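Novice: Encoded as structure tokens, here's the structure I'll be asking about.
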Amino acid sequence: MSEAVAVAHGHGVHPAPTSFWRKYVFSLDHKVIGIQYMTYSLFMLVVGGLLAMLVRWQLAFPGRPLAFMGKIAPAGMPGGVMLPEFYNSLFTMHATIMIFFAIMPLLIGAFGNYVVPLQIGARDMAFPRLNMMSFWTAVPGAFLIIASFFVEGGAAQSGWTSYAPLSAIQPKGQTLWLLALLVLGLSSLLTAVNFITTVINLRAPGMHFFRMPLTVWALFIDAILLLLALPVLSAAMIMLLFDRVLHTTFFLPAGLIVSGSAWTNAGGGQPLLWQHLFWFFGHPEVYIMILPSMGIVSDVMAVFSRKPIFGYRSMAYAMCGIAGLGWIVWGHHMFQSGMNPYLGTTFMISTMVIAVPSAIKTFNWLGTLWRGQIQFTTPMLNAIAFVAMFAIGGLSGIFMASTPVDIFIHDTYFIVGHIHYVLFGGSLFGAFAGLYFWFPKMFGRMLNETWGKVHFWLTFIFFNGVMFPMHILGMRGMQRRIYDYTQYTHLQGLQPMNIFMSFSAFALGVSQIILIVNFFWSLKFGERVGDNPWRANTLEWQTSSPPPHENFAEIPVVYHGPYEYSVPGMAEDYLPQTQPASAPLSSH
Amino acid sequence: MSRRRPTWLSLIVGAALVAAPALLLAASEPNAPWTLPEQASTYAGRIDGIFNLILWITGIVFFLVEGTLLVFVFKYRAKPGAKATYTHGSNRLEVIWTIIPALILVFLAVMSQDSWAYIRNHFPASGTVIDITAEQFAWNIRYPGPDGKLDTADDIVTLNQLHFPVDKPALINLHSKDVIHSFFLPEFRIKQDAVPGMTTRVWVQAKHTGHWEIACAELCGLGHYRMKGYLTVDRPEDFQKWLAETAAENKTESK
């Protein structure tokens, strides 16, 4: 704690480490750790994306060989023809990698780490060593999950939800899946403790809770959700691991007969227990993945509308509301599971109610644009796309909240469409907004704006090309997680639509090359910019780009909220949090 | 400025009121590839009714939100020398856009509950009793024999071939031998998981005779995609005939 206190009060700046290992590898600096997380998560984003390309190939052309894959993955695609068990591995690993190894570390590990201490005016996280440990615990997690492709029987193949008993009787890859996520869960838990402590204790003088940027609010609430939800998942995964290797029967009922013979360890277990535990974690989890993007988008929208965020307190309260209600909606994943239908009614009502805070946020974003001076920078385009796409994801969620409608669309592509509008249309567009927004702060150079816009438009168009038709597939009754839908007469007519979606997906994948090239090109040749290229108010822009070791020469003093743009009577249209207002600021 | 104020608002509302019904009517065009499948069960219409109600409401909200977004983005693009309006929000608006969505959502929950209770809680008192045991990757289907009881020696069994008579509820008990499966009849709008270690129940009544396919909707392993069954809805006399034939086949097979 003494370290934290010293950091908080800013008595003298520690000298930056000079050795290569201390500076770049085992760094204690939250900015280096943030960039480490960014590298990690963008790499995993590519891996997860490539897996999705293979899934889309099979859905466009079921059973058609892909010659080069016969050489890369001879076990899963002998002669280039995909086996059903390999297909099951692909979508399982696509979702697992995207959720746990790409989106979460990108939003929380990368942006959270980099931005939160800067935005609250701290020298670093409260526990720098713990922070370093978080990252270096996440690394073996990634190795384990990738290694699972190479064990006998291939990677996990029971879906990212890993419903028992299927997940209990699958080949070895499932054990590695469990170990990878247990390790990664420990890493996230350490991060959560660190964020909560940092935000509570290390805010600069004058940085009251209601002067914090919404990105900080979002990550603070996120960390609380992580801290409370992850142990439940970890406990469930340990129980499943025990069922697999120690022959316990937490999820295995008596009389299980697998492939004609009695399963050796079965008796007394309850398969639905896994679902309750998984979704008790899993529903807060989906909000864990959207909240940081909501925060980032709010910051970006205020800056590029040159306006205070509309309804700042409502935005913060709405996030608190989501965080609270998020604990009582998990059963909406289980309407058709055999759970008591009266419970279904309860969960339907709570699920309908949780749509309200998301609606409030959407209206407030529109209010922020209203009578603004909107600048169409790449971060802003991505932020606007977030609002447009998150609205679709939110509205499609209402269909599945309705219990009778869910009878039909549950486990169909409708759900897959919904999750992608929230996770890609929402979380990922938010992450792109953050990337283009903070890149100049991280590296002192801009990402190329022209190519950024090309990347944005292609991503936006092809994203909709692949994801929107998913709703229609679901309406036609096409199940998710299905290797060959042409087996069913009523689904055979859906192939042309699937081909269109797959080509959109391939184009979406190829479009990301623009971002990758832009990223590396701009690191070296991007336009050099000053400390505050966007003319923003929050504290991270009031120090150099990139910020020095320990962030600020002097700990800044905060005089007002983060969104004082276009204050009447001022020459400039922005008022940094470190600069006192010449006249009292109105609250409305 | 004030003379221009109502223009954008009426533009959005007008566009939404024209575009939303046009697209929604297109969506309810029968037999188009983007519509819901045929309604083969007595309650399929109820479910589609709620689906369409939600489609209308979310469709209108969709056009209002996206339309407002587009208009704002166009109208409030930065102009040289101009300054944004300095405001932190409006408590009145916050209250309005909290209460209206909340009322609509609770209304949808209430509308949904009636059909949910009808399908899940109110089982018909009598009907064709059928036992289905799912396994990787097949449906074992069992009817009571002449004694009218299940799980006795005279039970009539079939594999993947489900028959029941039209205009009478089929009362189906679902079990599973191994992992979770899900019994899914898309045209009947019914889906229910079959969970090992417990019995789940579902009822369905066909509106007319015909042939359909049973799908497994819960990932159950490598053969999940081909865990297909066949449903035949017969006239009552055809159903009795089929049952008798199947019973006879069962006897020859067991000899």
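By convention here, the chains of the structure tokens are called A, B, ... in the order presented, each chain's residues are numbered starting at 1, and ligands are numbered starting at 1 in the order presented.
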For chain A, list the residues within 7 Å of chain B, counting only C-alpha atoms, and write the list as an MDAnalysis selection string.
Specialist: chainID A and resid 84:85 165:166 253:254 256:258 306:311 336:338 341 345 348:349 352:353 356 360 366 369:375 388 395 399 402:405 407:408 411 472 475:477 479 481:485 487 566:568 587:588
Novice: Would you write out those residues with C-alpha atoms, as a compact mmCIF listing (two decimals), in the first residue's frame?
Specialist:
```
# COMPACT_ATOMS: atom_id res chain seq x y z
CA PRO A 84 -18.30 -31.92 -38.38
CA GLU A 85 -16.27 -32.19 -35.18
CA PRO A 165 -23.05 -33.15 -19.96
CA LEU A 166 -21.71 -32.72 -23.53
CA PRO A 253 -27.22 -37.41 -13.57
CA ALA A 254 -27.69 -41.12 -12.91
CA LEU A 256 -26.23 -41.66 -18.45
CA ILE A 257 -25.74 -43.89 -21.49
CA VAL A 258 -23.20 -42.62 -24.01
CA ARG A 306 -17.96 19.88 -29.35
CA LYS A 307 -20.76 19.64 -26.78
CA PRO A 308 -21.17 18.47 -23.20
CA ILE A 309 -22.48 14.92 -23.06
CA PHE A 310 -26.27 15.04 -22.83
CA GLY A 311 -27.46 13.81 -19.43
CA GLN A 336 -36.55 -23.63 -23.17
CA SER A 337 -34.13 -25.54 -20.94
CA GLY A 338 -36.72 -27.29 -18.82
CA PRO A 341 -42.05 -21.84 -16.77
CA THR A 345 -42.10 -15.24 -16.56
CA MET A 348 -38.92 -12.14 -18.94
CA ILE A 349 -40.03 -9.18 -16.85
CA MET A 352 -37.67 -6.32 -20.46
CA VAL A 353 -36.76 -3.85 -17.71
CA VAL A 356 -34.62 0.62 -20.33
CA ILE A 360 -31.78 5.93 -21.99
CA LEU A 366 -28.69 11.40 -29.81
CA LEU A 369 -25.36 15.13 -31.29
CA TRP A 370 -28.32 17.55 -31.21
CA ARG A 371 -27.17 21.06 -32.08
CA GLY A 372 -23.54 19.98 -31.98
CA GLN A 373 -20.75 20.85 -34.38
CA ILE A 374 -20.07 17.33 -35.55
CA GLN A 375 -16.58 16.57 -36.86
CA ALA A 388 -26.62 2.87 -34.94
CA LEU A 395 -34.09 -3.93 -30.36
CA PHE A 399 -37.73 -10.50 -29.43
CA SER A 402 -40.49 -12.37 -24.98
CA THR A 403 -40.84 -15.94 -23.75
CA PRO A 404 -43.28 -17.22 -26.43
CA VAL A 405 -41.29 -15.69 -29.29
CA ILE A 407 -39.69 -20.64 -28.04
CA PHE A 408 -39.27 -20.26 -31.78
CA ASP A 411 -30.92 -21.47 -30.58
CA ILE A 472 -33.77 -13.77 -41.47
CA MET A 475 -36.85 -16.46 -38.76
CA ARG A 476 -36.73 -19.31 -41.24
CA GLY A 477 -35.82 -21.66 -38.38
CA GLN A 479 -30.46 -23.53 -35.99
CA ARG A 481 -24.08 -24.34 -34.51
CA ILE A 482 -25.13 -26.47 -37.43
CA TYR A 483 -22.49 -28.01 -39.69
CA ASP A 484 -24.73 -28.68 -42.67
CA TYR A 485 -28.15 -27.03 -42.75
CA GLN A 487 -29.68 -31.72 -44.41
CA SER A 566 -18.44 25.28 -26.30
CA VAL A 567 -18.84 27.13 -23.01
CA PRO A 568 -20.49 30.48 -23.84
CA SER A 587 -25.33 22.54 -14.65
CA HIS A 588 -27.94 22.61 -17.42
```
Novice: Run DSSP on the backbone of this structure and report the residues of stretch 484-553 of chain A it assigns to helix (DSSP H, G or I), as JSON, numbers by chain.
Specialist: {"A": [485, 486, 487, 489, 490, 491, 492, 493, 494, 495, 496, 497, 498, 499, 500, 501, 502, 503, 504, 505, 506, 507, 508, 509, 510, 511, 512, 513, 514, 515, 516, 517, 518, 519, 520, 521, 522, 523, 524, 525, 539, 540, 541, 542]}
Novice: Keeping C-alpha atoms for every residue in the selection just given, could you write it to a file as a PDB file, in the first residue's frame?
Specialist:
```pdb
ATOM      1  CA  TYR A 485     -28.152 -27.034 -42.749  1.00  0.00           C
ATOM      2  CA  THR A 486     -28.859 -28.457 -46.218  1.00  0.00           C
ATOM      3  CA  GLN A 487     -29.682 -31.717 -44.411  1.00  0.00           C
ATOM      4  CA  THR A 489     -35.567 -29.696 -46.516  1.00  0.00           C
ATOM      5  CA  HIS A 490     -36.937 -26.467 -45.084  1.00  0.00           C
ATOM      6  CA  LEU A 491     -33.463 -24.896 -44.884  1.00  0.00           C
ATOM      7  CA  GLN A 492     -32.124 -25.833 -48.319  1.00  0.00           C
ATOM      8  CA  GLY A 493     -33.450 -22.642 -49.895  1.00  0.00           C
ATOM      9  CA  LEU A 494     -31.230 -20.600 -47.572  1.00  0.00           C
ATOM     10  CA  GLN A 495     -27.989 -21.386 -49.345  1.00  0.00           C
ATOM     11  CA  PRO A 496     -27.933 -18.320 -51.651  1.00  0.00           C
ATOM     12  CA  MET A 497     -28.354 -16.044 -48.633  1.00  0.00           C
ATOM     13  CA  ASN A 498     -25.592 -17.906 -46.814  1.00  0.00           C
ATOM     14  CA  ILE A 499     -23.277 -17.509 -49.799  1.00  0.00           C
ATOM     15  CA  PHE A 500     -23.934 -13.761 -49.842  1.00  0.00           C
ATOM     16  CA  MET A 501     -23.209 -13.586 -46.098  1.00  0.00           C
ATOM     17  CA  SER A 502     -19.998 -15.559 -46.459  1.00  0.00           C
ATOM     18  CA  PHE A 503     -18.639 -13.340 -49.205  1.00  0.00           C
ATOM     19  CA  SER A 504     -19.478 -10.345 -47.032  1.00  0.00           C
ATOM     20  CA  ALA A 505     -17.580 -12.040 -44.212  1.00  0.00           C
ATOM     21  CA  PHE A 506     -14.532 -12.666 -46.390  1.00  0.00           C
ATOM     22  CA  ALA A 507     -14.611  -9.024 -47.529  1.00  0.00           C
ATOM     23  CA  LEU A 508     -14.984  -7.952 -43.888  1.00  0.00           C
ATOM     24  CA  GLY A 509     -11.913 -10.008 -43.026  1.00  0.00           C
ATOM     25  CA  VAL A 510      -9.864  -8.625 -45.915  1.00  0.00           C
ATOM     26  CA  SER A 511     -10.872  -5.056 -44.977  1.00  0.00           C
ATOM     27  CA  GLN A 512      -9.123  -5.466 -41.645  1.00  0.00           C
ATOM     28  CA  ILE A 513      -5.796  -5.691 -43.470  1.00  0.00           C
ATOM     29  CA  ILE A 514      -6.195  -1.941 -44.048  1.00  0.00           C
ATOM     30  CA  LEU A 515      -6.281  -1.373 -40.286  1.00  0.00           C
ATOM     31  CA  ILE A 516      -3.284  -3.624 -39.678  1.00  0.00           C
ATOM     32  CA  VAL A 517      -1.187  -1.902 -42.357  1.00  0.00           C
ATOM     33  CA  ASN A 518      -2.353   1.547 -41.204  1.00  0.00           C
ATOM     34  CA  PHE A 519      -1.420   0.645 -37.619  1.00  0.00           C
ATOM     35  CA  PHE A 520       2.168  -0.325 -38.395  1.00  0.00           C
ATOM     36  CA  TRP A 521       2.670   2.314 -41.080  1.00  0.00           C
ATOM     37  CA  SER A 522       1.421   5.069 -38.779  1.00  0.00           C
ATOM     38  CA  LEU A 523       3.619   3.894 -35.906  1.00  0.00           C
ATOM     39  CA  LYS A 524       6.595   4.771 -38.081  1.00  0.00           C
ATOM     40  CA  PHE A 525       5.374   7.356 -40.565  1.00  0.00           C
ATOM     41  CA  LEU A 539      -6.724  14.753 -18.274  1.00  0.00           C
ATOM     42  CA  GLU A 540      -4.953  12.308 -20.589  1.00  0.00           C
ATOM     43  CA  TRP A 541      -4.767  15.110 -23.183  1.00  0.00           C
ATOM     44  CA  GLN A 542      -3.228  17.565 -20.718  1.00  0.00           C
TER      45      GLN A 542
END
```
Novice: A:Gly173, A:Ala359, A:Phe335, A:Gly112: which is nearest A:Asp406, counting only C-alpha atoms?
Specialist: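 Of A:Gly173, A:Ala359, A:Phe335, A:Gly112, the one nearest A:Asp406 is A:Phe335, counting only C-alpha atoms.
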Novice: Write out as a PyMOL selection string the set of residues from stretch 22-202 of chain B that DSSP, computed on the backbone, places in strand (DSSP E or B).
Specialist: chain B and resi 41+77+128-135+138-143+156-159+161-165+170-176+181-185+190-194+200-202
Novice: Can you list, as a VMD selection string, every protein, DNA or RNA residue that comes within 12 Å of B:Ile130 when you count only C-alpha atoms, leaving out same-chain residues fewer than 4 positions away?
Specialist: chain B and resid 126 139 to 145 148 to 151 155 to 158 161 to 165 169 to 175 201 to 204
Novice: Export C-alpha atoms of the chosen residues as a PDB file, in the first residue's frame?
Specialist:
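Generated output (part15.pdb):
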```
ATOM      1  CA  SER B 126     -56.293 -35.471 -22.758  1.00  0.00           C
ATOM      2  CA  TRP B 139     -35.085 -39.729 -31.582  1.00  0.00           C
ATOM      3  CA  ASN B 140     -36.517 -42.857 -29.898  1.00  0.00           C
ATOM      4  CA  ILE B 141     -40.272 -42.556 -30.004  1.00  0.00           C
ATOM      5  CA  ARG B 142     -42.633 -44.641 -27.869  1.00  0.00           C
ATOM      6  CA  TYR B 143     -46.423 -44.957 -27.754  1.00  0.00           C
ATOM      7  CA  PRO B 144     -48.464 -46.831 -25.159  1.00  0.00           C
ATOM      8  CA  GLY B 145     -49.739 -50.198 -26.452  1.00  0.00           C
ATOM      9  CA  GLY B 148     -52.826 -47.562 -22.610  1.00  0.00           C
ATOM     10  CA  LYS B 149     -49.749 -47.334 -20.370  1.00  0.00           C
ATOM     11  CA  LEU B 150     -46.192 -46.346 -21.166  1.00  0.00           C
ATOM     12  CA  ASP B 151     -43.152 -48.402 -20.147  1.00  0.00           C
ATOM     13  CA  ASP B 155     -45.301 -50.307 -25.979  1.00  0.00           C
ATOM     14  CA  ILE B 156     -45.035 -49.412 -29.634  1.00  0.00           C
ATOM     15  CA  VAL B 157     -41.623 -48.004 -30.587  1.00  0.00           C
ATOM     16  CA  THR B 158     -40.217 -46.266 -33.653  1.00  0.00           C
ATOM     17  CA  GLN B 161     -40.699 -41.450 -37.146  1.00  0.00           C
ATOM     18  CA  LEU B 162     -43.184 -39.389 -35.160  1.00  0.00           C
ATOM     19  CA  HIS B 163     -46.870 -39.626 -35.980  1.00  0.00           C
ATOM     20  CA  PHE B 164     -49.826 -38.047 -34.292  1.00  0.00           C
ATOM     21  CA  PRO B 165     -53.392 -37.377 -35.343  1.00  0.00           C
ATOM     22  CA  PRO B 169     -53.241 -32.424 -28.745  1.00  0.00           C
ATOM     23  CA  ALA B 170     -50.108 -34.538 -28.707  1.00  0.00           C
ATOM     24  CA  LEU B 171     -48.715 -34.721 -25.159  1.00  0.00           C
ATOM     25  CA  ILE B 172     -45.008 -35.360 -25.451  1.00  0.00           C
ATOM     26  CA  ASN B 173     -42.653 -36.341 -22.625  1.00  0.00           C
ATOM     27  CA  LEU B 174     -39.020 -35.682 -23.461  1.00  0.00           C
ATOM     28  CA  HIS B 175     -36.020 -37.519 -22.034  1.00  0.00           C
ATOM     29  CA  ARG B 201     -43.084 -31.905 -21.260  1.00  0.00           C
ATOM     30  CA  VAL B 202     -44.462 -30.227 -24.294  1.00  0.00           C
ATOM     31  CA  TRP B 203     -47.810 -30.250 -26.087  1.00  0.00           C
ATOM     32  CA  VAL B 204     -48.668 -29.459 -29.639  1.00  0.00           C
TER      33      VAL B 204
END
```
Novice: Taking 2 positions as the minimum chain separation for residues in the same chain, which residues sit within 9 Å of A:Ile384 when counting only C-alpha atoms? Answer as a list in words.
Specialist: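 After dropping sequence-adjacent residues, the list is Val297, Met301, Trp365, Pro379, Met380, Leu381, Asn382, Phe386, Val387, Ala388, Met389 and Phe429 of chain A; Leu69 and Val73 of chain B.
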Novice: I need the residue nearest A:His410 from this list: A:Val422, A:Arg480, A:Val55, A:Arg313. Use only C-alpha atoms for the distance.
Specialist: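 Looking only at the distances to A:His410, the closest residue turns out to be A:Arg480.
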Novice: Can you work out which one of A:Ile120, A:Leu45, A:Ala236, A:Met315 has the shortest atom-to-atom distance to A:Ala142, counting only C-alpha atoms?
Specialist: A:Leu45
Novice: For A:Ile354, work out the shell of residues within 9 Å, counting only C-alpha atoms and skipping chain neighbours fewer than 6 positions away, then give it as a list in words.
Specialist: Gly321, Ile322, Leu325, Gly326 and Val329 of chain A
Novice: Excluding A:Arg528 and any residue of its chain fewer than 2 positions from it, enumerate the residues within 9 Å of it, using only C-alpha atoms, and give them as a list in words.
Specialist: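 Residues meeting the cut-off are Pro440, Gly444, Arg445, Met446, Phe525, Gly526 and Gly530 of chain A.
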Novice: Hey, what's within 7 Å of stretch 570-586 of chain A if we count only C-alpha atoms and toss same-chain stuff fewer than 3 positions away? As a list in words, please?
Specialist: Arg306, Arg535, Ala536, Asn537, Thr538, Leu539, Pro556, Val557, Val558, Tyr559, His560, Gly561, Pro562, Glu564, Tyr565, Ser566 and Val567 of chain A
